[in-house]
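Student: Before I ask anything, let me first share the structure, which is written out below as structure tokens.
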Amino acid sequence: MSEKALNYIQENRASLLEKLNEFLSIPSVSTDSSHKDDVRNAADFIITYLKEIGFENAEIQETAGHPLVFAEYNGAGADAPTVLFYGHYDVQPVDPIELWESDPFKPEVRDGRLYARGSSDDKGQVFMHLAVFEAYMNTEGELPINVKVCIEGEEEIGSENLYHILMEKKEQFQADFAVISDSGMAAKNQPTILYGLKGFTGIEITVNGPDHDLHSGMYGGAVRNPIMALSHILSSMKDENEVITVDGFYDDVEPLTEDERKLMEQAPGEDFVETAGVPETVSEKGYTAKEHTMGRPTFEINGIYGGYQGEGTKTIIPSQATAKITCRLVPGQDPGKIQALLEAHVNKVAPSGVNVEVKKEKLSARAYKVEPTHPLIKKAAESYTKAFGKDTVYLRMGGSIPVVEWIDDIYKMPIILLGFGTPEDRLHSPNESFPLDSFDKGMETLVYYWNEVKN
């Protein structure tokens, strides 16, 4: 059954790329209100395409923000499995525009890569699924499995309305398993199973001192400096061995098994010294850099500001200082509990002479992990290997995808992360691109996978 679909993809590659370029040309920047109509146009593009493919039940569902696309195909019959396919059609802003080598919304192929905003994250990968559905419908007249499509327009702004829709319409989105292609591979043409994602949470610490900036000569020695107080708080939260010193932080951490550590050791790893431009890697004592980024929690200061920032010197004691902190979490850790532990630590170590406020980040997510031996994972790995001609490697990713945790929490279904991006794609940055190798072999992988899953 898959041969006809494969031939269709190969024979129609030029027209499929042309259609993808049309999709990428829509500036669906969800965070910018001036692009509100463009975001809707992208949703309309998907609806039109789904109907052309043969999804009779395809509709736009309105939200408090940008619309969500839902579609359903039940032609495979009651005995066939049903997959929930999730993706997003919104994209990041293009700033700084002057760093782009070509117009971000006029797709251009250079050196085997398709350059455009959204080419990798996530329009290109969403389109690959739709193109494979088209291939099956135009050659076999049916899909191998039943499909529910959920493509949103708010992922780049935190999926502000998706959770409520998934909760309110549980029956409509219910499926046997979910597939998401909003991730990547360990390296170009290296098939990769992501079997785990980190969760995340965060806080903002603000230290308030005097009610206005003070002359450092007249008040130094009498008034606590908020920046110094904040520095004291922050330095107390992690030691020189990259161990987080907040009481209770590690209590619920699911430990890495020896089997997982072997999987991580075998997987190709990024050369952090080269790609990050640092003298050496620094990881939690007792763990390698790969183990720490994939399977251990982290604590990072994302920003710190206060006082004079201009040229030269301004001799003041600033009235306020702020730090933004996020933590990546692993299975077993609860974001709300971690926020409470961080707040308790801040209050415990805060010095006298200042007032300290802790603001908790609203958007949090639990970590997700599926057993790498799960049958659906094994079929995905086999499909990857067949298409790319290489053994599939298994990784846990240091990043977070909130919708994964939500689907897991609401539906308790296995989630398969079939990503085809590469480390060189420059997600969220100028000159975002997607390898045409991933486009071709990714679609081939999907053809194999849907054919395997039906059995």
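How things are named: the first chain in the structure tokens is A, the next is B, and so on; residues count from 1 in each chain; ligands count from 1 in the order shown.
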Give me the residues near segment 278-280 of chain A as an mmCIF file with C-alpha atoms, in the first residue's frame, where near means some atom within 12 Å (using only C-alpha atoms) and where sequence neighbours in that chain fewer than 6 positions away do not count.
Tutor:
data_model
loop_
_atom_site.group_PDB
_atom_site.id
_atom_site.type_symbol
_atom_site.label_atom_id
_atom_site.label_comp_id
_atom_site.auth_asym_id
_atom_site.auth_seq_id
_atom_site.Cartn_x
_atom_site.Cartn_y
_atom_site.Cartn_z
ATOM 1 C CA ASP A 271 29.871 19.599 20.769
ATOM 2 C CA PHE A 272 28.831 22.238 23.290
ATOM 3 C CA ALA A 289 26.765 17.145 29.825
#
Student: Would you pick out the contacts of segment 426-442 of chain A at 8 Å or less, using only C-alpha atoms, so that residues sharing its chain but fewer than 3 positions from it are not included, and give the list as a VMD selection string?
Tutor: chain A and resid 92 to 97 99 to 102 104 112 to 121 124 to 125 128 188 to 189 384 387 to 388 420 to 423 445 to 446
Student: Fewer than 2 positions away in the same chain doesn't count, so skip those; otherwise give me all residues within 8 Å of segment 71-84 of chain A, counting only C-alpha atoms, as a ChimeraX atom specification.
Tutor: /A:50,55-59,69,86,142-150,173-179,453-454
Student: Work out how far apart atom CA of Val91 of chain A and atom CA of Tyr411 of chain A are and give it in Å to one decimal.
Tutor: 26.7 Å
Student: Excluding segment 353-369 of chain A and its own-chain neighbours fewer than 2 positions away, which residues fall within 7 Å of it when counting only C-alpha atoms? Please give them as a count of residues only.
Tutor: 28
Student: Calculated over only C-alpha atoms, which of the candidates A:Thr298, A:Ser159, A:Thr385, A:Thr315 has the smallest distance to Val403 of chain A?
Tutor: A:Ser159
Student: I need the residues in segment 242-336 of chain A that are strand (DSSP E) according to DSSP; give them as a list of chain:residue names.
Tutor: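 Strand (DSSP E) assignments inside segment 242-336 of chain A correspond to A:Thr298, A:Phe299, A:Glu300, A:Ile301, A:Asn302, A:Gly303, A:Ile304, A:Tyr305, A:Gly306, A:Ile316, A:Ile317, A:Gln320, A:Ala321, A:Thr322, A:Ala323, A:Lys324, A:Ile325, A:Thr326, A:Cys327, A:Arg328, A:Leu329.
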Student: Store the residues picked out above in a file with C-alpha atoms, as an mmCIF file, in the first residue's frame.
Tutor:
data_model
loop_
_atom_site.group_PDB
_atom_site.id
_atom_site.type_symbol
_atom_site.label_atom_id
_atom_site.label_comp_id
_atom_site.auth_asym_id
_atom_site.auth_seq_id
_atom_site.Cartn_x
_atom_site.Cartn_y
_atom_site.Cartn_z
ATOM 1 C CA THR A 298 18.299 22.605 35.730
ATOM 2 C CA PHE A 299 18.152 26.061 37.316
ATOM 3 C CA GLU A 300 18.992 29.064 35.168
ATOM 4 C CA ILE A 301 18.986 32.847 35.635
ATOM 5 C CA ASN A 302 17.541 34.146 32.357
ATOM 6 C CA GLY A 303 17.893 37.840 33.067
ATOM 7 C CA ILE A 304 18.968 40.227 35.788
ATOM 8 C CA TYR A 305 18.620 43.974 35.837
ATOM 9 C CA GLY A 306 18.604 47.000 38.119
ATOM 10 C CA ILE A 316 23.904 55.269 43.107
ATOM 11 C CA ILE A 317 22.363 52.703 45.336
ATOM 12 C CA GLN A 320 15.202 47.963 42.851
ATOM 13 C CA ALA A 321 16.720 44.840 41.260
ATOM 14 C CA THR A 322 15.022 41.946 39.462
ATOM 15 C CA ALA A 323 15.983 38.484 38.263
ATOM 16 C CA LYS A 324 14.058 36.057 36.055
ATOM 17 C CA ILE A 325 14.577 32.355 36.743
ATOM 18 C CA THR A 326 13.417 29.212 34.967
ATOM 19 C CA CYS A 327 13.897 25.559 35.843
ATOM 20 C CA ARG A 328 13.690 22.612 33.471
ATOM 21 C CA LEU A 329 12.111 19.687 35.258
#
Student: Please determine, counting only C-alpha atoms, which residue among A:Glu62, A:Asp90, A:Glu311, A:Asp182 has the shortest atom-to-atom distance to Ser400 of chain A.
Tutor: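 Checking each candidate against Ser400 of chain A, we get A:Asp182 as the closest.
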Student: Please report the interatomic distance between atom CA of Ala186 of chain A and atom CA of Leu263 of chain A in Å with one decimal.
Tutor: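 Taking atom CA of Ala186 of chain A and atom CA of Leu263 of chain A, their separation equals 13.0 Å.
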Student: Counting only C-alpha atoms, what is within 12 Å of Ala43 of chain A, bar same-chain residues fewer than 5 positions away, as an MDAnalysis selection string?
Tutor: chainID A and resid 23 26:28 30 36:38 48:50 58:62 66:71 87:90 123 150:154
Student: Looking only at the backbone, which of the residues in segment 153-311 of chain A does DSSP tag as helix (DSSP H, G or I), as a PyMOL selection string?
Tutor: chain A and resi 155-157+162-168+170-173+216-219+226-235+258-266+272-276+289-295
Student: Write out the residues from the selection above, keeping N, CA and C atoms, as a compact mmCIF listing (two decimals), in the first residue's frame.
Tutor:
# COMPACT_ATOMS: atom_id res chain seq x y z
N GLU A 155 0.81 28.47 19.39
CA GLU A 155 1.90 27.77 20.06
C GLU A 155 3.03 28.70 20.43
N GLU A 156 3.32 29.65 19.55
CA GLU A 156 4.44 30.56 19.79
C GLU A 156 4.14 31.61 20.85
N ILE A 157 2.91 31.65 21.34
CA ILE A 157 2.56 32.55 22.45
C ILE A 157 2.02 31.74 23.63
N LEU A 162 -5.46 26.52 24.06
CA LEU A 162 -5.56 25.13 23.66
C LEU A 162 -5.97 24.21 24.79
N TYR A 163 -5.40 24.39 25.98
CA TYR A 163 -5.69 23.49 27.09
C TYR A 163 -7.19 23.45 27.39
N HIS A 164 -7.81 24.62 27.38
CA HIS A 164 -9.24 24.68 27.70
C HIS A 164 -10.06 23.97 26.62
N ILE A 165 -9.66 24.08 25.37
CA ILE A 165 -10.38 23.40 24.29
C ILE A 165 -10.23 21.88 24.43
N LEU A 166 -9.02 21.42 24.71
CA LEU A 166 -8.80 19.99 24.88
C LEU A 166 -9.60 19.43 26.06
N MET A 167 -9.74 20.23 27.10
CA MET A 167 -10.53 19.81 28.25
C MET A 167 -12.02 19.80 27.94
N GLU A 168 -12.49 20.85 27.30
CA GLU A 168 -13.92 21.00 27.03
C GLU A 168 -14.42 20.02 25.96
N LYS A 170 -13.12 16.85 25.09
CA LYS A 170 -12.31 15.65 25.26
C LYS A 170 -12.70 14.55 24.29
N GLU A 171 -13.99 14.34 24.10
CA GLU A 171 -14.45 13.26 23.23
C GLU A 171 -14.05 13.54 21.77
N GLN A 172 -14.14 14.80 21.36
CA GLN A 172 -13.84 15.14 19.98
C GLN A 172 -12.38 14.86 19.63
N PHE A 173 -11.47 15.11 20.58
CA PHE A 173 -10.04 14.95 20.31
C PHE A 173 -9.49 13.60 20.79
N SER A 216 25.39 57.07 46.39
CA SER A 216 26.12 55.99 47.05
C SER A 216 27.13 56.50 48.08
N GLY A 217 27.58 57.73 47.92
CA GLY A 217 28.51 58.28 48.91
C GLY A 217 27.80 58.67 50.19
N MET A 218 26.62 59.23 50.09
CA MET A 218 25.90 59.72 51.26
C MET A 218 25.18 58.59 52.01
N TYR A 219 24.79 57.52 51.26
CA TYR A 219 23.99 56.46 51.89
C TYR A 219 24.68 55.11 51.95
N PRO A 226 19.97 46.81 46.85
CA PRO A 226 19.12 45.73 46.33
C PRO A 226 19.83 44.79 45.37
N ILE A 227 20.77 45.31 44.57
CA ILE A 227 21.49 44.42 43.65
C ILE A 227 22.38 43.46 44.43
N MET A 228 23.04 43.96 45.47
CA MET A 228 23.85 43.08 46.31
C MET A 228 22.98 42.04 47.01
N ALA A 229 21.81 42.47 47.48
CA ALA A 229 20.89 41.54 48.16
C ALA A 229 20.41 40.46 47.19
N LEU A 230 20.08 40.87 45.97
CA LEU A 230 19.64 39.92 44.96
C LEU A 230 20.77 38.95 44.61
N SER A 231 21.98 39.47 44.49
CA SER A 231 23.12 38.62 44.18
C SER A 231 23.33 37.56 45.27
N HIS A 232 23.15 37.95 46.51
CA HIS A 232 23.27 37.02 47.62
C HIS A 232 22.23 35.91 47.51
N ILE A 233 21.00 36.28 47.20
CA ILE A 233 19.92 35.30 47.07
C ILE A 233 20.23 34.32 45.94
N LEU A 234 20.62 34.85 44.79
CA LEU A 234 20.86 34.00 43.63
C LEU A 234 22.05 33.06 43.84
N SER A 235 23.10 33.57 44.42
CA SER A 235 24.30 32.74 44.62
C SER A 235 24.05 31.61 45.60
N GLU A 258 20.42 2.82 34.49
CA GLU A 258 21.64 2.51 33.78
C GLU A 258 21.37 2.32 32.29
N ASP A 259 20.20 1.76 31.96
CA ASP A 259 19.85 1.58 30.54
C ASP A 259 19.72 2.93 29.84
N GLU A 260 19.09 3.89 30.54
CA GLU A 260 18.94 5.21 29.93
C GLU A 260 20.30 5.90 29.77
N ARG A 261 21.15 5.75 30.74
CA ARG A 261 22.46 6.37 30.65
C ARG A 261 23.26 5.78 29.48
N LYS A 262 23.04 4.49 29.20
CA LYS A 262 23.70 3.87 28.06
C LYS A 262 23.14 4.42 26.75
N LEU A 263 21.79 4.60 26.69
CA LEU A 263 21.18 5.18 25.50
C LEU A 263 21.73 6.58 25.24
N MET A 264 21.86 7.37 26.30
CA MET A 264 22.37 8.73 26.16
C MET A 264 23.84 8.73 25.73
N GLU A 265 24.60 7.79 26.26
CA GLU A 265 26.02 7.70 25.91
C GLU A 265 26.18 7.33 24.44
N GLN A 266 25.32 6.45 23.93
CA GLN A 266 25.42 5.98 22.55
C GLN A 266 24.94 7.02 21.54
N PHE A 272 29.26 21.00 22.66
CA PHE A 272 28.83 22.24 23.29
C PHE A 272 29.93 23.30 23.29
N VAL A 273 31.16 22.88 23.40
CA VAL A 273 32.27 23.84 23.40
C VAL A 273 32.30 24.60 22.08
N GLU A 274 32.10 23.86 20.99
CA GLU A 274 32.15 24.49 19.67
C GLU A 274 30.90 25.30 19.38
N THR A 275 29.71 24.69 19.60
CA THR A 275 28.47 25.37 19.21
C THR A 275 28.12 26.54 20.13
N ALA A 276 28.48 26.45 21.40
CA ALA A 276 28.16 27.52 22.33
C ALA A 276 29.28 28.53 22.47
N ALA A 289 27.56 16.05 30.38
CA ALA A 289 26.77 17.14 29.83
C ALA A 289 25.51 16.62 29.14
N LYS A 290 25.62 15.51 28.41
CA LYS A 290 24.45 14.92 27.75
C LYS A 290 23.42 14.46 28.77
N GLU A 291 23.90 13.82 29.83
CA GLU A 291 22.97 13.33 30.86
C GLU A 291 22.26 14.48 31.56
N HIS A 292 23.01 15.56 31.81
CA HIS A 292 22.42 16.69 32.51
C HIS A 292 21.38 17.39 31.64
N THR A 293 21.73 17.64 30.36
CA THR A 293 20.79 18.35 29.50
C THR A 293 19.55 17.51 29.20
N MET A 294 19.71 16.20 29.08
CA MET A 294 18.58 15.34 28.72
C MET A 294 17.76 14.88 29.92
N GLY A 295 18.42 14.53 31.02
CA GLY A 295 17.70 13.82 32.06
C GLY A 295 17.81 14.32 33.48
Student: When distances are computed from only C-alpha atoms, which of A:Leu395, A:Leu214, A:Leu20, A:Val370 shows the smallest separation from Pro268 of chain A?
Tutor: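 Under the stated criterion, the closest residue is A:Leu395.
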Student: Can you list, as a short mmCIF file (atom, residue, chain, number, x, y, z; two decimals) with N, CA and C atoms, in the first residue's frame, every protein, DNA or RNA residue that comes within 8 Å of Leu418 of chain A when you count only C-alpha atoms, leaving out same-chain residues fewer than 3 positions away?
Tutor:
data_model
loop_
_atom_site.label_atom_id
_atom_site.label_comp_id
_atom_site.auth_asym_id
_atom_site.auth_seq_id
_atom_site.Cartn_x
_atom_site.Cartn_y
_atom_site.Cartn_z
N VAL A 179 0.56 11.95 17.53
CA VAL A 179 1.84 12.16 16.82
C VAL A 179 2.06 13.66 16.69
N ILE A 180 3.25 14.10 17.05
CA ILE A 180 3.62 15.51 16.98
C ILE A 180 4.95 15.63 16.24
N SER A 181 5.00 16.48 15.23
CA SER A 181 6.25 16.77 14.53
C SER A 181 6.57 18.25 14.74
N ASP A 182 7.09 18.56 15.90
CA ASP A 182 7.48 19.92 16.25
C ASP A 182 8.81 19.86 16.99
N SER A 183 9.68 18.99 16.50
CA SER A 183 10.96 18.75 17.16
C SER A 183 11.98 18.39 16.09
N GLY A 184 13.12 17.87 16.50
CA GLY A 184 14.17 17.63 15.54
C GLY A 184 14.95 16.36 15.80
N ILE A 193 14.56 9.26 17.84
CA ILE A 193 13.34 9.15 18.64
C ILE A 193 13.51 9.99 19.90
N LEU A 194 12.66 10.98 20.07
CA LEU A 194 12.60 11.72 21.33
C LEU A 194 11.57 11.04 22.21
N ALA A 380 8.01 3.48 14.94
CA ALA A 380 8.53 4.77 14.48
C ALA A 380 10.02 4.67 14.18
#
Student: Which one is closest to Arg396 of chain A: A:Leu417, A:Leu16, A:Ile244, A:Leu130? Count only C-alpha atoms.
Tutor: A:Leu417
